[in-house]
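**Student:** Dropping in run.cif, with mmCIF, C-alpha atoms.
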```cif
data_upload
#
loop_
_atom_site.label_atom_id
_atom_site.label_comp_id
_atom_site.auth_asym_id
_atom_site.auth_seq_id
_atom_site.Cartn_x
_atom_site.Cartn_y
_atom_site.Cartn_z
CA MET G 5 24.93 -5.97 36.55
CA ILE G 6 24.03 -6.32 32.89
CA ILE G 7 26.72 -6.18 30.21
CA THR G 8 25.88 -6.13 26.51
CA LEU G 9 28.32 -7.16 23.80
CA THR G 10 28.08 -5.92 20.19
CA ALA G 11 30.79 -6.93 17.75
CA ASN G 12 29.11 -5.34 14.72
CA PRO G 13 27.36 -2.11 15.80
CA ALA G 14 25.85 0.31 13.30
CA LEU G 15 24.72 3.89 12.94
CA ASP G 16 21.02 3.61 12.12
CA ILE G 17 19.74 6.32 9.76
CA TYR G 18 16.01 6.73 9.20
CA SER G 19 13.98 9.06 7.02
CA LYS G 20 10.72 9.34 5.05
CA THR G 21 9.93 10.10 1.42
CA GLU G 22 6.61 10.28 -0.38
CA ARG G 23 7.32 7.54 -2.90
CA LEU G 24 10.25 5.39 -4.02
CA GLU G 25 10.76 5.92 -7.74
CA PRO G 26 13.59 4.50 -9.88
CA ASN G 27 16.02 6.96 -11.46
CA GLU G 28 14.53 9.90 -9.57
CA LYS G 29 16.09 12.12 -6.94
CA LEU G 30 14.06 11.31 -3.84
CA ARG G 31 13.34 14.19 -1.48
CA CYS G 32 13.60 12.88 2.07
CA GLU G 33 12.80 14.36 5.45
CA ALA G 34 15.58 15.31 7.86
CA PRO G 35 17.18 12.02 8.99
CA LEU G 36 17.12 10.54 12.47
CA ILE G 37 20.45 8.99 13.46
CA ASP G 38 20.79 6.52 16.33
CA ALA G 39 23.44 4.23 17.73
CA GLY G 40 22.31 0.71 16.90
CA GLY G 41 23.20 -2.96 16.67
CA GLY G 42 21.91 -5.86 18.77
CA GLY G 43 23.56 -5.44 22.16
CA VAL G 44 23.68 -1.66 21.93
CA ASN G 45 19.92 -1.56 21.36
CA VAL G 46 19.48 -3.83 24.38
CA SER G 47 21.43 -1.32 26.51
CA ARG G 48 19.43 1.61 25.13
CA VAL G 49 16.13 -0.10 25.96
CA ILE G 50 17.29 -1.06 29.46
CA LYS G 51 18.10 2.61 30.05
CA ARG G 52 14.60 3.62 28.91
CA LEU G 53 13.11 1.07 31.28
CA GLY G 54 14.94 2.67 34.20
CA GLY G 55 17.79 0.16 34.46
CA GLN G 56 21.54 0.30 34.01
CA SER G 57 23.87 -1.70 31.82
CA THR G 58 27.32 -1.37 30.29
CA ALA G 59 27.62 -1.55 26.50
CA VAL G 60 30.80 -3.22 25.25
CA TYR G 61 31.22 -2.76 21.51
CA ALA G 62 33.72 -2.20 18.69
CA LYS G 63 34.25 1.54 18.08
CA GLY G 64 36.22 2.83 15.14
CA GLY G 65 36.73 5.85 12.90
CA HIS G 66 34.68 9.01 12.60
CA THR G 67 31.43 7.04 12.66
CA GLY G 68 32.61 5.46 15.90
CA LYS G 69 33.05 8.88 17.48
CA LEU G 70 29.53 9.93 16.48
CA PHE G 71 28.24 6.58 17.78
CA TYR G 72 29.93 7.16 21.16
CA ASP G 73 28.50 10.67 21.42
CA LEU G 74 24.96 9.46 20.63
CA LEU G 75 25.11 6.80 23.34
CA LYS G 76 26.54 9.30 25.80
CA LYS G 77 23.66 11.67 25.06
CA GLU G 78 21.23 8.87 25.96
CA GLY G 79 23.05 8.24 29.23
CA VAL G 80 24.13 4.69 28.35
CA THR G 81 27.25 3.52 30.18
CA GLN G 82 29.77 2.32 27.61
CA ASN G 83 33.07 0.47 27.56
CA PRO G 84 34.11 0.33 23.90
CA VAL G 85 37.07 -1.37 22.25
CA GLU G 86 38.89 0.97 19.90
CA VAL G 87 39.23 -0.67 16.46
CA THR G 88 40.84 0.38 13.19
CA ASN G 89 37.94 0.60 10.78
CA ASP G 90 34.81 2.76 10.70
CA LEU G 91 31.52 1.48 12.07
CA ARG G 92 28.95 0.44 9.48
CA GLN G 93 25.75 2.34 8.73
CA ASN G 94 22.23 1.08 8.08
CA PHE G 95 19.47 3.01 6.34
CA ALA G 96 15.69 2.70 6.58
CA VAL G 97 13.05 4.79 4.81
CA THR G 98 9.27 4.91 5.03
CA GLU G 99 7.33 5.52 1.82
CA THR G 100 4.61 7.78 3.15
CA ALA G 101 2.27 7.21 0.19
CA THR G 102 1.93 3.52 1.10
CA GLY G 103 3.28 3.25 4.66
CA ASN G 104 5.80 0.66 3.49
CA LEU G 105 9.12 0.53 5.31
CA TYR G 106 12.28 -0.28 3.35
CA ARG G 107 15.43 -1.37 5.16
CA PHE G 108 18.96 -1.27 3.71
CA GLY G 109 21.69 -3.03 5.66
CA PHE G 110 25.39 -2.66 4.97
CA PRO G 111 28.17 -5.05 5.99
CA GLY G 112 30.46 -4.02 8.79
CA ALA G 113 34.20 -3.65 8.40
CA GLN G 114 36.40 -6.59 9.27
CA LEU G 115 37.96 -6.73 12.74
CA GLN G 116 41.45 -7.95 13.41
CA GLU G 117 42.01 -10.97 15.64
CA SER G 118 43.56 -8.71 18.28
CA GLU G 119 40.33 -6.68 18.30
CA TYR G 120 38.21 -9.79 18.89
CA GLU G 121 40.58 -10.69 21.72
CA ALA G 122 40.11 -7.21 23.20
CA LEU G 123 36.33 -7.73 23.21
CA LEU G 124 36.81 -11.08 24.95
CA ASP G 125 39.10 -9.42 27.49
CA LYS G 126 36.32 -6.98 28.37
CA VAL G 127 34.07 -9.99 29.04
CA SER G 128 36.62 -11.62 31.32
CA ARG G 129 36.64 -8.50 33.52
CA CYS G 130 32.90 -8.65 34.21
CA GLU G 131 31.67 -9.15 37.75
CA LYS G 132 30.69 -12.73 38.65
CA GLY G 133 26.95 -13.31 38.50
CA ALA G 134 26.34 -10.54 35.95
CA PHE G 135 24.14 -11.03 32.89
CA LEU G 136 26.18 -10.97 29.68
CA VAL G 137 23.97 -10.32 26.65
CA ALA G 138 25.68 -10.97 23.29
CA SER G 139 23.41 -9.91 20.46
CA GLY G 140 23.49 -9.21 16.76
CA SER G 141 25.38 -10.25 13.67
CA LEU G 142 29.15 -10.62 13.41
CA PRO G 143 31.36 -8.59 11.05
CA PRO G 144 32.42 -10.04 7.69
CA GLY G 145 35.20 -12.58 8.11
CA ALA G 146 34.52 -13.04 11.82
CA PRO G 147 35.55 -16.37 13.36
CA SER G 148 32.44 -18.58 13.18
CA ASN G 149 33.15 -19.71 16.74
CA PHE G 150 33.41 -16.22 18.21
CA TYR G 151 30.24 -16.51 20.27
CA ALA G 152 31.36 -19.95 21.44
CA ARG G 153 34.53 -18.26 22.72
CA VAL G 154 32.34 -15.66 24.45
CA ALA G 155 30.29 -18.47 26.00
CA ALA G 156 33.47 -20.14 27.27
CA LYS G 157 34.64 -16.86 28.84
CA ALA G 158 31.23 -16.35 30.43
CA LYS G 159 31.29 -19.86 31.93
CA ALA G 160 34.80 -19.39 33.27
CA CYS G 161 33.87 -16.05 34.84
CA GLY G 162 30.52 -17.17 36.33
CA LEU G 163 28.37 -14.97 34.07
CA LYS G 164 24.79 -15.63 32.96
CA PHE G 165 25.29 -15.78 29.20
CA VAL G 166 22.38 -14.68 26.99
CA LEU G 167 22.70 -15.00 23.20
CA ASP G 168 20.54 -13.62 20.38
CA THR G 169 22.12 -14.15 16.97
CA SER G 170 21.61 -16.13 13.77
CA GLY G 171 23.05 -18.68 11.36
CA LYS G 172 26.55 -19.99 11.80
CA SER G 173 27.16 -17.63 14.72
CA TYR G 174 25.59 -20.28 16.99
CA GLN G 175 28.43 -22.67 16.08
CA GLY G 176 29.92 -24.27 19.18
CA VAL G 177 27.76 -22.31 21.63
CA LEU G 178 25.64 -25.30 22.69
CA GLU G 179 28.75 -27.27 23.60
CA GLN G 180 29.93 -24.43 25.85
CA GLY G 181 26.49 -23.83 27.36
CA ALA G 182 24.39 -20.74 27.98
CA TYR G 183 21.91 -19.36 30.48
CA LEU G 184 19.41 -18.26 27.83
CA LEU G 185 19.08 -18.45 24.05
CA LYS G 186 16.57 -16.33 22.09
CA PRO G 187 16.25 -17.66 18.53
CA ASN G 188 13.37 -17.16 16.12
CA LYS G 189 11.88 -19.99 14.04
CA ARG G 190 14.48 -19.71 11.26
CA GLU G 191 17.34 -19.54 13.76
CA LEU G 192 16.04 -22.62 15.58
CA SER G 193 16.52 -24.51 12.32
CA ASP G 194 20.04 -23.05 12.08
CA ILE G 195 20.80 -24.42 15.54
CA THR G 196 19.34 -27.91 15.06
CA GLY G 197 19.98 -28.36 11.33
CA GLN G 198 16.38 -29.53 10.98
CA SER G 199 13.16 -27.87 9.93
CA ALA G 200 10.63 -27.14 12.68
CA GLU G 201 7.59 -25.73 10.91
CA ASN G 202 4.78 -26.31 13.39
CA LEU G 203 4.33 -25.81 17.11
CA GLU G 204 4.80 -29.46 18.05
CA GLU G 205 8.04 -29.77 16.06
CA GLN G 206 9.31 -26.57 17.63
CA LYS G 207 8.49 -27.76 21.14
CA SER G 208 10.23 -31.08 20.48
CA ALA G 209 13.33 -29.33 19.13
CA LEU G 210 13.54 -27.01 22.14
CA LEU G 211 13.23 -29.85 24.65
CA ASP G 212 15.85 -31.84 22.77
CA ILE G 213 18.35 -28.97 22.99
CA LEU G 214 17.73 -28.53 26.71
CA LYS G 215 18.14 -32.26 27.30
CA LYS G 216 21.41 -32.58 25.38
CA TYR G 217 23.19 -29.35 26.31
CA SER G 218 23.91 -27.13 29.29
CA VAL G 219 21.30 -24.49 28.41
CA GLU G 220 18.83 -23.38 31.09
CA ILE G 221 16.23 -21.42 29.11
CA ILE G 222 15.23 -20.99 25.47
CA VAL G 223 12.81 -18.30 24.38
CA LEU G 224 11.64 -18.99 20.83
CA SER G 225 10.30 -15.81 19.25
CA LEU G 226 7.18 -16.39 17.13
CA GLY G 227 6.70 -12.80 15.96
CA GLY G 228 3.11 -11.65 16.31
CA GLU G 229 2.19 -15.05 17.80
CA GLY G 230 4.28 -14.40 20.92
CA ALA G 231 6.92 -16.82 22.16
CA LEU G 232 7.57 -20.33 23.40
CA LEU G 233 9.30 -20.46 26.78
CA ALA G 234 11.24 -23.69 27.23
CA THR G 235 12.83 -24.91 30.45
CA LYS G 236 13.94 -28.42 31.38
CA GLY G 237 11.08 -30.76 30.48
CA GLU G 238 8.49 -28.04 29.83
CA VAL G 239 7.46 -25.68 27.04
CA LYS G 240 4.71 -23.07 27.31
CA HIS G 241 3.28 -20.67 24.77
CA TYR G 242 2.81 -17.00 25.68
CA PRO G 243 0.87 -14.81 23.20
CA ALA G 244 2.12 -11.31 22.46
CA PRO G 245 -0.05 -8.25 23.09
CA GLN G 246 -1.84 -7.12 19.93
CA VAL G 247 -0.68 -3.74 18.64
CA GLU G 248 -0.70 -1.91 15.32
CA HIS G 249 2.38 -3.01 13.39
CA VAL G 250 4.33 0.10 12.43
CA SER G 251 7.98 -1.02 12.39
CA SER G 252 9.72 -4.17 13.59
CA ILE G 253 13.17 -2.53 13.71
CA GLY G 254 14.64 -3.17 17.17
CA ALA G 255 11.68 -5.27 18.34
CA GLY G 256 13.74 -8.41 18.97
CA ASP G 257 16.39 -6.44 20.84
CA SER G 258 13.65 -4.80 22.91
CA MET G 259 12.22 -8.18 23.83
CA VAL G 260 15.64 -9.39 25.02
CA ALA G 261 16.18 -6.17 26.95
CA GLY G 262 12.86 -6.45 28.79
CA LEU G 263 13.39 -10.13 29.53
CA VAL G 264 16.89 -9.68 30.96
CA TYR G 265 16.04 -6.49 32.82
CA ALA G 266 13.10 -8.19 34.53
CA LEU G 267 15.24 -11.20 35.48
CA SER G 268 17.99 -8.94 36.80
CA THR G 269 15.50 -7.29 39.16
CA GLY G 270 14.46 -10.67 40.58
CA GLN G 271 11.21 -11.13 38.66
CA PRO G 272 10.05 -14.74 38.17
CA LEU G 273 10.54 -16.20 34.73
CA LYS G 274 6.83 -16.02 33.81
CA ASN G 275 6.72 -12.31 34.53
CA ALA G 276 9.98 -11.76 32.69
CA ILE G 277 8.71 -13.35 29.48
CA LEU G 278 5.55 -11.25 29.63
CA TYR G 279 7.60 -8.11 30.20
CA GLY G 280 9.87 -9.01 27.28
CA LEU G 281 6.88 -9.53 24.99
CA SER G 282 5.47 -6.18 26.11
CA CYS G 283 8.76 -4.46 25.25
CA GLY G 284 8.88 -6.04 21.80
CA SER G 285 5.31 -5.01 21.03
CA ALA G 286 5.88 -1.48 22.35
CA THR G 287 8.71 -1.07 19.84
CA ILE G 288 6.64 -2.56 17.00
CA LYS G 289 4.08 0.21 17.48
CA SER G 290 6.82 2.87 17.25
CA PRO G 291 7.77 4.37 13.85
CA GLY G 292 11.00 3.69 11.95
CA THR G 293 14.04 3.03 14.11
CA GLU G 294 12.41 4.52 17.21
CA LEU G 295 12.52 2.24 20.25
CA LEU G 296 9.84 1.77 22.88
CA LYS G 297 8.37 4.19 25.36
CA LYS G 298 8.25 2.92 28.94
CA GLU G 299 4.66 4.05 29.43
CA ASP G 300 3.57 1.88 26.48
CA VAL G 301 5.39 -1.10 28.00
CA GLU G 302 3.62 -0.72 31.33
CA VAL G 303 0.17 -0.62 29.71
CA LEU G 304 0.86 -3.72 27.59
CA TYR G 305 2.41 -5.58 30.52
CA GLU G 306 -0.65 -5.01 32.71
CA GLN G 307 -2.83 -6.31 29.88
CA LEU G 308 -0.75 -9.48 29.57
CA LEU G 309 -0.71 -10.08 33.33
CA LYS G 310 -4.51 -9.93 33.44
CA GLN G 311 -4.86 -12.09 30.33
CA ASN G 312 -2.54 -14.80 31.65
CA LEU G 313 -4.20 -14.73 35.06
CA ARG G 314 -7.59 -15.34 33.40
CA GLU G 315 -6.19 -18.18 31.30
CA GLY G 316 -4.28 -19.75 34.20
CA ARG G 317 -0.82 -19.81 32.61
CA THR G 318 2.00 -20.59 35.04
CA ILE G 319 5.64 -21.59 34.78
#
```
Could you take the file, read its structure, and then write that structure out as structure tokens?

**Tutor:**
Amino acid sequence: MIITLTANPALDIYSKTERLEPNEKLRCEAPLIDAGGGGVNVSRVIKRLGGQSTAVYAKGGHTGKLFYDLLKKEGVTQNPVEVTNDLRQNFAVTETATGNLYRFGFPGAQLQESEYEALLDKVSRCEKGAFLVASGSLPPGAPSNFYARVAAKAKACGLKFVLDTSGKSYQGVLEQGAYLLKPNKRELSDITGQSAENLEEQKSALLDILKKYSVEIIVLSLGGEGALLATKGEVKHYPAPQVEHVSSIGAGDSMVAGLVYALSTGQPLKNAILYGLSCGSATIKSPGTELLKKEDVEVLYEQLLKQNLREGRTI
């Protein structure tokens, strides 16, 4: 079982226009509208890869109804918490004259404490041994320790807790413990409170976290440079497959989805990190808010397997 948790989901709207001009009415193409947000995107990708998961998220208002219908159309199993306020919306537009992508993010509506408790209650009902993937930002005014409370629930229920978030949202999580953390370089500094600019500093920071806290695995995303995979006493670098960069929207979520899906099917950790990198790159080569295609993932994964076999990387 894989359960994803999204406290701050969003309707993602994407379109194209020839050129962004100030004070002009911009003629855009017909929009594409998708259900989005960290954990929800993880569930959508897992579905595309041929797996199953249950998306737990906050659903409110007329945007929440549209969100639910979009996920249902994709065949994603969902277990939402009904909340008072509408879901937020995000907007992205490609300027076709230059190929530049512009992203506009809006804050989500505040949740009530009872609604956070309802999300935690969904977690407590998860089957022991399941993967619980909490991903994405938190709504405005959210308790800074919310993910720490999720981690505590996961530990009490015997769940494999996976977290991908940023900034203060990591507060208290290390003390509770986690199965896997997936920060990027900036988020690693958020966690440690110290700058880690180069590879050696990053490796040292990762090993220090694993030594001090009950965390089994850290995957440090390095963007186009791949990822560092850290386990107790060991850190290894895995390059990402090289693809044409079209849009990074959803790439991090895709990487988490591939990683967790591979682990849930019993793949060894080395294969899982390669599969996750393949998923992230497959989304990067997709336009706008479009997520990966499974056939692209398989091609990139085979390339990485051969490359790592030649270079003798093991874990």

**Student:** Check which residues satisfy the PyMOL selection byres ((chain G and resi 179) around 12) in the file shown, then give them as a ChimeraX atom specification.

**Tutor:** /G:149,151-153,155-156,159,174-178,180-182,195,213-214,216-219

**Student:** Please, which residues in region 28-104 of chain G fall within 8 Å of region 5-24 of chain G when counting all atoms listed in the file, and what is the closest atom pair and distance in Å to one decimal for each, ordered by chain then residue number, as CSV?

**Tutor:**
```
residue,atom,partner,partner_atom,distance
G:Leu30,CA,G:Thr21,CA,6.8
G:Arg31,CA,G:Thr21,CA,6.1
G:Cys32,CA,G:Thr21,CA,4.6
G:Glu33,CA,G:Lys20,CA,5.4
G:Ala34,CA,G:Ser19,CA,6.5
G:Pro35,CA,G:Ser19,CA,4.8
G:Leu36,CA,G:Tyr18,CA,5.1
G:Ile37,CA,G:Ile17,CA,4.6
G:Asp38,CA,G:Asp16,CA,5.1
G:Ala39,CA,G:Leu15,CA,5.0
G:Gly40,CA,G:Ala14,CA,5.1
G:Gly41,CA,G:Pro13,CA,4.3
G:Gly42,CA,G:Thr10,CA,6.3
G:Gly43,CA,G:Thr10,CA,5.0
G:Val44,CA,G:Thr10,CA,6.4
G:Val46,CA,G:Thr8,CA,7.1
G:Ser47,CA,G:Thr8,CA,6.6
G:Gln56,CA,G:Ile6,CA,7.2
G:Ser57,CA,G:Ile6,CA,4.7
G:Thr58,CA,G:Ile7,CA,4.8
G:Ala59,CA,G:Thr8,CA,4.9
G:Val60,CA,G:Leu9,CA,4.9
G:Tyr61,CA,G:Thr10,CA,4.6
G:Ala62,CA,G:Ala11,CA,5.6
G:Thr67,CA,G:Leu15,CA,7.4
G:Phe71,CA,G:Leu15,CA,6.6
G:Leu91,CA,G:Ala14,CA,5.9
G:Arg92,CA,G:Ala14,CA,4.9
G:Gln93,CA,G:Leu15,CA,4.6
G:Asn94,CA,G:Asp16,CA,4.9
G:Phe95,CA,G:Ile17,CA,4.8
G:Ala96,CA,G:Tyr18,CA,4.8
G:Val97,CA,G:Ser19,CA,4.9
G:Thr98,CA,G:Lys20,CA,4.7
G:Glu99,CA,G:Arg23,CA,5.1
G:Thr100,CA,G:Glu22,CA,4.8
G:Ala101,CA,G:Glu22,CA,5.3
G:Thr102,CA,G:Arg23,CA,7.8
```

**Student:** Generate a file of the selected residues that holds C-alpha atoms, formatted as a tab-separated table (two decimals), keeping the file's coordinate frame.

**Tutor:**
```tsv
chain	number	residue	atom	x	y	z
G	30	LEU	CA	14.06	11.31	-3.84
G	31	ARG	CA	13.34	14.19	-1.48
G	32	CYS	CA	13.60	12.88	2.07
G	33	GLU	CA	12.80	14.36	5.45
G	34	ALA	CA	15.58	15.31	7.86
G	35	PRO	CA	17.18	12.02	8.99
G	36	LEU	CA	17.12	10.54	12.47
G	37	ILE	CA	20.45	8.99	13.46
G	38	ASP	CA	20.79	6.52	16.33
G	39	ALA	CA	23.44	4.23	17.73
G	40	GLY	CA	22.31	0.71	16.90
G	41	GLY	CA	23.20	-2.96	16.67
G	42	GLY	CA	21.91	-5.86	18.77
G	43	GLY	CA	23.56	-5.44	22.16
G	44	VAL	CA	23.68	-1.66	21.93
G	46	VAL	CA	19.48	-3.83	24.38
G	47	SER	CA	21.43	-1.32	26.51
G	56	GLN	CA	21.54	0.30	34.01
G	57	SER	CA	23.87	-1.70	31.82
G	58	THR	CA	27.32	-1.37	30.29
G	59	ALA	CA	27.62	-1.55	26.50
G	60	VAL	CA	30.80	-3.22	25.25
G	61	TYR	CA	31.22	-2.76	21.51
G	62	ALA	CA	33.72	-2.20	18.69
G	67	THR	CA	31.43	7.04	12.66
G	71	PHE	CA	28.24	6.58	17.78
G	91	LEU	CA	31.52	1.48	12.07
G	92	ARG	CA	28.95	0.44	9.48
G	93	GLN	CA	25.75	2.34	8.73
G	94	ASN	CA	22.23	1.08	8.08
G	95	PHE	CA	19.47	3.01	6.34
G	96	ALA	CA	15.69	2.70	6.58
G	97	VAL	CA	13.05	4.79	4.81
G	98	THR	CA	9.27	4.91	5.03
G	99	GLU	CA	7.33	5.52	1.82
G	100	THR	CA	4.61	7.78	3.15
G	101	ALA	CA	2.27	7.21	0.19
G	102	THR	CA	1.93	3.52	1.10
```

**Student:** Measuring between all atoms listed in the file, which one of G:Thr235, G:Ser251, G:Gln114, G:Gln271 shows the shortest distance to Pro291 (chain G)?

**Tutor:**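 Smallest distance to Pro291 (chain G) is found for G:Ser251.
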
**Student:** Tell me which residues the PyMOL selection byres ((chain G and resi 245-248) around 7) grabs here, as a short mmCIF file (atom, residue, chain, number, x, y, z; two decimals) with C-alpha atoms, in the frame of the given file.

**Tutor:**
```
data_model
loop_
_atom_site.label_atom_id
_atom_site.label_comp_id
_atom_site.auth_asym_id
_atom_site.auth_seq_id
_atom_site.Cartn_x
_atom_site.Cartn_y
_atom_site.Cartn_z
CA PRO G 243 0.87 -14.81 23.20
CA ALA G 244 2.12 -11.31 22.46
CA HIS G 249 2.38 -3.01 13.39
CA VAL G 250 4.33 0.10 12.43
CA SER G 282 5.47 -6.18 26.11
CA SER G 285 5.31 -5.01 21.03
CA LYS G 289 4.08 0.21 17.48
CA LEU G 304 0.86 -3.72 27.59
CA LEU G 308 -0.75 -9.48 29.57
#
```

**Student:** Report as an mmCIF file with C-alpha atoms, in the coordinates of the input all protein, DNA and RNA residues lying within 8 Å of Met259 (chain G), evaluated on only C-alpha atoms, omitting residues in the same chain fewer than 3 positions from it.

**Tutor:**
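Generated file (part28.cif):
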```
data_model
loop_
_atom_site.group_PDB
_atom_site.id
_atom_site.type_symbol
_atom_site.label_atom_id
_atom_site.label_comp_id
_atom_site.auth_asym_id
_atom_site.auth_seq_id
_atom_site.Cartn_x
_atom_site.Cartn_y
_atom_site.Cartn_z
ATOM 1 C CA ALA G 255 11.680 -5.270 18.340
ATOM 2 C CA GLY G 256 13.740 -8.410 18.970
ATOM 3 C CA GLY G 262 12.860 -6.450 28.790
ATOM 4 C CA LEU G 263 13.390 -10.130 29.530
ATOM 5 C CA TYR G 279 7.600 -8.110 30.200
ATOM 6 C CA GLY G 280 9.870 -9.010 27.280
ATOM 7 C CA LEU G 281 6.880 -9.530 24.990
ATOM 8 C CA SER G 282 5.470 -6.180 26.110
ATOM 9 C CA CYS G 283 8.760 -4.460 25.250
ATOM 10 C CA GLY G 284 8.880 -6.040 21.800
#
```

**Student:** Spell out the residues picked by the PyMOL selection byres ((chain G and resi 146) around 9) here, as a PyMOL selection string.

**Tutor:** chain G and resi 114-117+120+142-145+147-150

**Student:** Work out how far CA of Lys132 (chain G) is from CA of Cys161 (chain G), in Å to one decimal.

**Tutor:** 6.0 Å

**Student:** For a quick check of understanding, using all atoms listed in the file, which of G:Thr196, G:Lys186, G:Asn104, G:Asn202 has the smallest distance to Lys172 (chain G)?

**Tutor:**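 Of all the options, G:Thr196 lies closest to Lys172 (chain G).
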
**Student:** Nearest to Gly65 (chain G) among G:Ser225, G:Asn89, G:Gln307, G:Gln206, with distances taken over all atoms listed in the file: which residue is it?

**Tutor:**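 Among the listed residues, the smallest separation from Gly65 (chain G) belongs to G:Asn89.
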
**Student:** For the atom pair CA of Asn83 (chain G) and CA of Ile221 (chain G), what is the interatomic distance in Å to one decimal place?

**Tutor:**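 Atom-to-atom, CA of Asn83 (chain G) to CA of Ile221 (chain G), that is 27.7 Å.
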
**Student:** Neighbours of Leu203 (chain G) within 12 Å (only C-alpha atoms; same-chain residues fewer than 5 positions away dropped), as a PyMOL selection string?

**Tutor:** chain G and resi 189+208-210+224-226+229+231-232+239-241

**Student:** Report, in Å to a single decimal, how far apart CA of Leu123 (chain G) and CA of Gly68 (chain G) are.

**Tutor:**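 Interatomic distance, CA of Gly68 (chain G) to CA of Leu123 (chain G): 15.5 Å.
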
**Student:** Just want the 8 Å neighbourhood of Arg48 (chain G), counted on all atoms listed in the file, with same-chain residues fewer than 6 positions away dropped. Output as a list in words.

**Tutor:**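 The neighbour list is Leu75, Glu78 and Val80 of chain G.
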